[in-house]
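For reference, coords24.txt (compact mmCIF, C-alpha atoms):
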```txt
# COMPACT_ATOMS: atom_id res chain seq x y z
CA MET A 1 -163.01 40.74 -84.58
CA LEU A 2 -166.11 39.20 -83.02
CA ALA A 3 -166.85 42.42 -81.13
CA ILE A 4 -166.32 44.59 -84.23
CA GLY A 5 -168.60 42.33 -86.30
CA ALA A 6 -171.32 42.36 -83.64
CA TYR A 7 -171.12 46.16 -83.34
CA THR A 8 -171.28 46.54 -87.13
CA ILE A 9 -174.46 44.43 -87.24
CA TYR A 10 -175.95 46.42 -84.35
CA ASP A 11 -175.03 49.77 -85.92
CA SER A 12 -176.36 48.82 -89.37
CA ASN A 13 -179.94 49.18 -88.17
CA SER A 14 -180.21 52.81 -87.16
CA ALA A 15 -183.30 54.46 -85.74
CA SER A 16 -183.73 58.23 -85.50
CA TYR A 17 -186.56 59.89 -83.61
CA TYR A 18 -187.76 63.43 -84.36
CA HIS A 19 -190.52 65.58 -82.91
CA SER A 20 -191.57 68.77 -84.70
CA THR A 21 -194.26 71.33 -84.04
CA PHE A 22 -194.74 73.97 -86.71
CA ASN A 23 -197.25 76.44 -88.10
CA LEU A 24 -198.83 75.93 -91.48
CA LEU A 25 -199.31 79.54 -92.54
CA PRO A 26 -202.33 80.74 -94.60
CA SER A 27 -202.10 79.81 -98.30
CA LYS A 28 -198.69 78.14 -97.75
CA PHE A 29 -197.38 74.61 -97.47
CA PHE A 30 -194.71 73.23 -95.15
CA LYS A 31 -192.07 70.69 -96.20
CA ILE A 32 -189.52 68.54 -94.43
CA THR A 33 -186.66 67.38 -96.66
CA ASP A 34 -184.99 64.01 -96.01
CA ASN A 35 -182.15 62.31 -97.87
CA LEU A 36 -182.91 58.64 -97.34
CA LYS A 37 -181.49 55.29 -98.37
CA ASP A 38 -183.58 52.60 -99.96
CA THR A 39 -185.21 50.30 -97.40
CA ALA A 40 -185.62 53.25 -95.00
CA THR A 41 -188.97 53.40 -93.24
CA VAL A 42 -190.78 56.26 -91.55
CA ASN A 43 -193.39 55.66 -88.86
CA GLY A 44 -195.13 58.50 -87.14
CA GLN A 45 -198.07 60.35 -85.72
CA ILE A 46 -199.42 63.61 -87.17
CA SER A 47 -201.99 65.81 -85.47
CA GLU A 48 -203.31 69.33 -85.91
CA THR A 49 -203.46 70.77 -82.41
CA SER A 50 -206.90 72.44 -82.71
CA GLY A 51 -208.58 69.63 -84.63
CA LYS A 52 -208.55 71.28 -88.08
CA THR A 53 -207.81 69.02 -91.03
CA ILE A 54 -204.54 68.84 -92.96
CA THR A 55 -203.24 66.92 -95.95
CA PHE A 56 -199.93 65.05 -95.76
CA LEU A 57 -197.94 63.91 -98.82
CA ILE A 58 -194.66 62.09 -99.36
CA MET A 59 -193.03 63.07 -102.66
CA ASN A 60 -189.77 62.08 -104.29
CA SER A 61 -187.52 64.76 -105.78
CA ALA A 62 -189.09 64.62 -109.28
CA GLN A 63 -192.63 64.84 -107.94
CA PHE A 64 -191.79 67.77 -105.67
CA ALA A 65 -190.05 69.64 -108.50
CA ALA A 66 -193.20 69.27 -110.62
CA TYR A 67 -195.40 70.34 -107.68
CA GLN A 68 -193.34 73.52 -107.11
CA ILE A 69 -193.89 74.74 -110.66
CA GLY A 70 -197.58 73.79 -110.67
CA GLN A 71 -197.18 70.78 -112.97
CA GLY A 72 -198.88 68.24 -110.73
CA ASN A 73 -199.50 66.95 -107.26
CA ALA A 74 -198.59 63.28 -107.60
CA SER A 75 -197.22 61.66 -104.48
CA LEU A 76 -195.96 58.31 -103.26
CA TYR A 77 -198.11 58.43 -100.11
CA SER A 78 -200.96 60.68 -99.04
CA VAL A 79 -203.38 61.27 -96.19
CA LYS A 80 -206.02 63.84 -97.07
CA ASN A 81 -208.17 65.99 -94.80
CA ALA A 82 -207.35 64.38 -91.46
CA ALA A 83 -207.00 66.10 -88.09
CA SER A 84 -204.89 63.25 -86.74
CA THR A 85 -203.35 60.19 -88.36
CA SER A 86 -200.64 57.57 -88.08
CA ILE A 87 -198.27 57.00 -90.97
CA SER A 88 -195.97 54.18 -92.03
CA TYR A 89 -194.08 54.19 -95.32
CA SER A 90 -191.06 52.32 -96.72
CA PHE A 91 -189.01 54.29 -99.23
CA PRO A 92 -188.38 52.30 -102.44
CA THR A 93 -185.08 53.86 -103.58
CA ALA A 94 -182.39 56.19 -102.29
CA ASP A 95 -183.49 59.76 -103.05
CA THR A 96 -184.34 63.10 -101.53
CA TYR A 97 -187.87 62.85 -100.21
CA PHE A 98 -190.22 65.65 -99.23
CA LEU A 99 -192.78 65.32 -96.45
CA VAL A 100 -195.31 67.96 -97.47
CA PHE A 101 -198.09 69.39 -95.29
CA LEU A 102 -201.02 71.24 -96.90
CA HIS A 103 -204.12 72.87 -95.49
CA GLY A 104 -207.19 70.69 -95.15
CA ALA A 105 -210.44 71.43 -96.93
CA GLY A 106 -211.84 74.80 -95.87
CA TYR A 107 -208.74 75.96 -93.95
CA LEU A 108 -206.61 77.54 -96.70
CA THR A 109 -206.76 80.99 -95.06
CA ALA A 110 -206.20 79.78 -91.47
CA THR A 111 -202.96 79.20 -89.59
CA GLU A 112 -202.78 75.58 -88.48
CA THR A 113 -200.37 74.15 -85.90
CA VAL A 114 -199.11 70.66 -86.66
CA ASP A 115 -197.43 68.24 -84.25
CA PHE A 116 -195.37 65.58 -86.07
CA GLN A 117 -193.58 62.75 -84.25
CA ARG A 118 -191.68 60.33 -86.43
CA THR A 119 -189.08 57.59 -86.36
CA TYR A 120 -186.86 56.69 -89.28
CA LEU A 121 -185.53 53.14 -89.48
CA ALA A 122 -182.73 52.48 -91.94
CA LEU A 123 -181.01 49.16 -92.53
CA ALA A 124 -177.57 49.65 -94.07
CA ARG A 125 -177.19 46.43 -96.06
CA PHE A 126 -173.44 46.69 -96.71
CA GLU A 127 -172.69 47.20 -93.02
CA PHE A 128 -175.06 44.41 -92.06
CA PHE A 129 -173.50 41.83 -94.39
CA SER A 130 -169.98 43.02 -93.51
CA GLY A 131 -170.80 42.46 -89.85
CA ILE A 132 -172.05 38.95 -90.58
CA ALA A 133 -168.83 38.18 -92.50
CA LEU A 134 -166.68 39.50 -89.62
CA VAL A 135 -168.59 37.39 -87.07
CA ALA A 136 -168.23 34.29 -89.28
CA ILE A 137 -164.48 34.85 -89.68
CA ALA A 138 -164.11 35.41 -85.93
CA ILE A 139 -165.96 32.16 -85.16
CA LEU A 140 -163.77 30.30 -87.65
CA GLU A 141 -160.62 31.77 -86.08
CA LEU A 142 -161.83 30.86 -82.59
CA TYR A 143 -162.53 27.32 -83.71
CA TRP A 144 -159.15 27.04 -85.42
CA GLY A 145 -157.27 28.48 -82.45
CA LEU A 146 -159.07 26.52 -79.73
CA ARG A 147 -159.38 23.12 -81.42
CA THR A 148 -157.73 20.11 -79.76
CA ARG A 149 -154.59 18.93 -81.44
CA ASP A 150 -154.27 15.38 -82.69
CA MET A 151 -151.03 14.21 -81.06
CA ALA A 152 -150.47 11.44 -83.62
CA ARG A 153 -150.40 13.95 -86.44
CA SER A 154 -148.05 16.32 -84.67
CA ARG A 155 -145.24 13.73 -84.25
CA PRO A 156 -142.60 13.67 -86.99
CA GLN A 157 -143.02 10.87 -89.50
CA SER A 158 -140.48 8.06 -89.27
CA LYS A 159 -138.44 7.45 -92.35
CA LEU A 160 -139.26 4.27 -94.12
CA SER A 161 -136.46 2.42 -95.89
CA GLY A 162 -133.39 4.35 -96.93
CA THR A 163 -134.79 5.15 -100.37
CA SER A 164 -135.93 8.61 -101.20
CA VAL A 165 -139.46 9.21 -102.23
CA GLY A 166 -139.93 9.50 -105.96
CA GLN A 167 -136.61 7.87 -106.96
CA PRO A 168 -136.31 4.31 -108.40
```
Before anything else, please render the file you have as structure tokens.
Amino acid sequence: MLAIGAYTIYDSNSASYYHSTFNLLPSKFFKITDNLKDTATVNGQISETSGKTITFLIMNSAQFAAYQIGQGNASLYSVKNAASTSISYSFPTADTYFLVFLHGAGYLTATETVDFQRTYLALARFEFFSGIALVAIAILELYWGLRTRDMARSRPQSKLSGTSVGQP
């Protein structure tokens, strides 16, 4: 039980590394879709290989739906007109998130090549707390099973006078 609890705690904090290189075609945008839990974090490095500028946005599902039909360009996180940048963002709720890449100022008709390295960190709270509970139970069982016995308590009690307990 101790091993299972320790593994559950270890496995509750998952990290996933991705490296993408893609072309941002003229007059188009590029999106990466991620279904993420709350408390997930993305850290990464974005660079345009020839030094042209790009815009990077993180949108939730409602924001991206509005963006697709031309009803807005609100985002949770943005980096505008940068040739290279580092990002770090913690997602507030479980949702489908869109990592959107747009052309930088003056490059709408050019093809841009983007290199995107990122790591997702996700702490699964239920698994984490379950692992802690399993470790605590295992420690309690080890203590209970390995404790020294009190020899005076393990001997049978001698009967006092011939009267039964509880009778006059």
For this session: May I have the residues within 9 Å of Thr93 of chain A as a PyMOL selection string, using all atoms listed in the file and disregarding those fewer than 4 positions away in the same chain?
Result: chain A and resi 36-40
Problem set entry | Residues within 10 Å of Pro26 of chain A, all atoms listed in the file, excluding chain neighbours under 3 positions, as an NGL selection string | :A and (23 or 29 or 102-103 or 107-112)
Exercise. Contacts of segment 41-54 of chain A at 10 Å or less, counting all atoms listed in the file, minus same-chain residues fewer than 4 places along, as a PyMOL selection string?
Worked result: chain A and resi 15-24+36-37+79-92+101-108+110-123
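Considering all atoms listed in the file, the residue among A:Ala3, A:Phe98, A:Tyr77, A:Gly70 positioned nearest to Asp34 of chain A is A:Phe98.
What separates atom CA of Leu76 of chain A from atom CA of Leu25 of chain A is a distance of 24.0 Å.
Using all atoms listed in the file, the residues found no farther than 8 Å from Thr33 of chain A, other than those of its own chain fewer than 3 positions away, are A:Thr96, A:Tyr97, A:Phe98, A:Leu99.
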Problem set entry | Counting only C-alpha atoms, the residue of A:Ile32, A:Leu146, A:Ala94, A:Leu140 that sits nearest Ile58 of chain A | A:Ile32
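Across the model, the gap from atom CA of Ser130 of chain A to atom CA of Ala6 of chain A is 10.0 Å.
Between atom CA of Ala62 of chain A and atom CA of Lys31 of chain A the interatomic distance comes to 14.7 Å.
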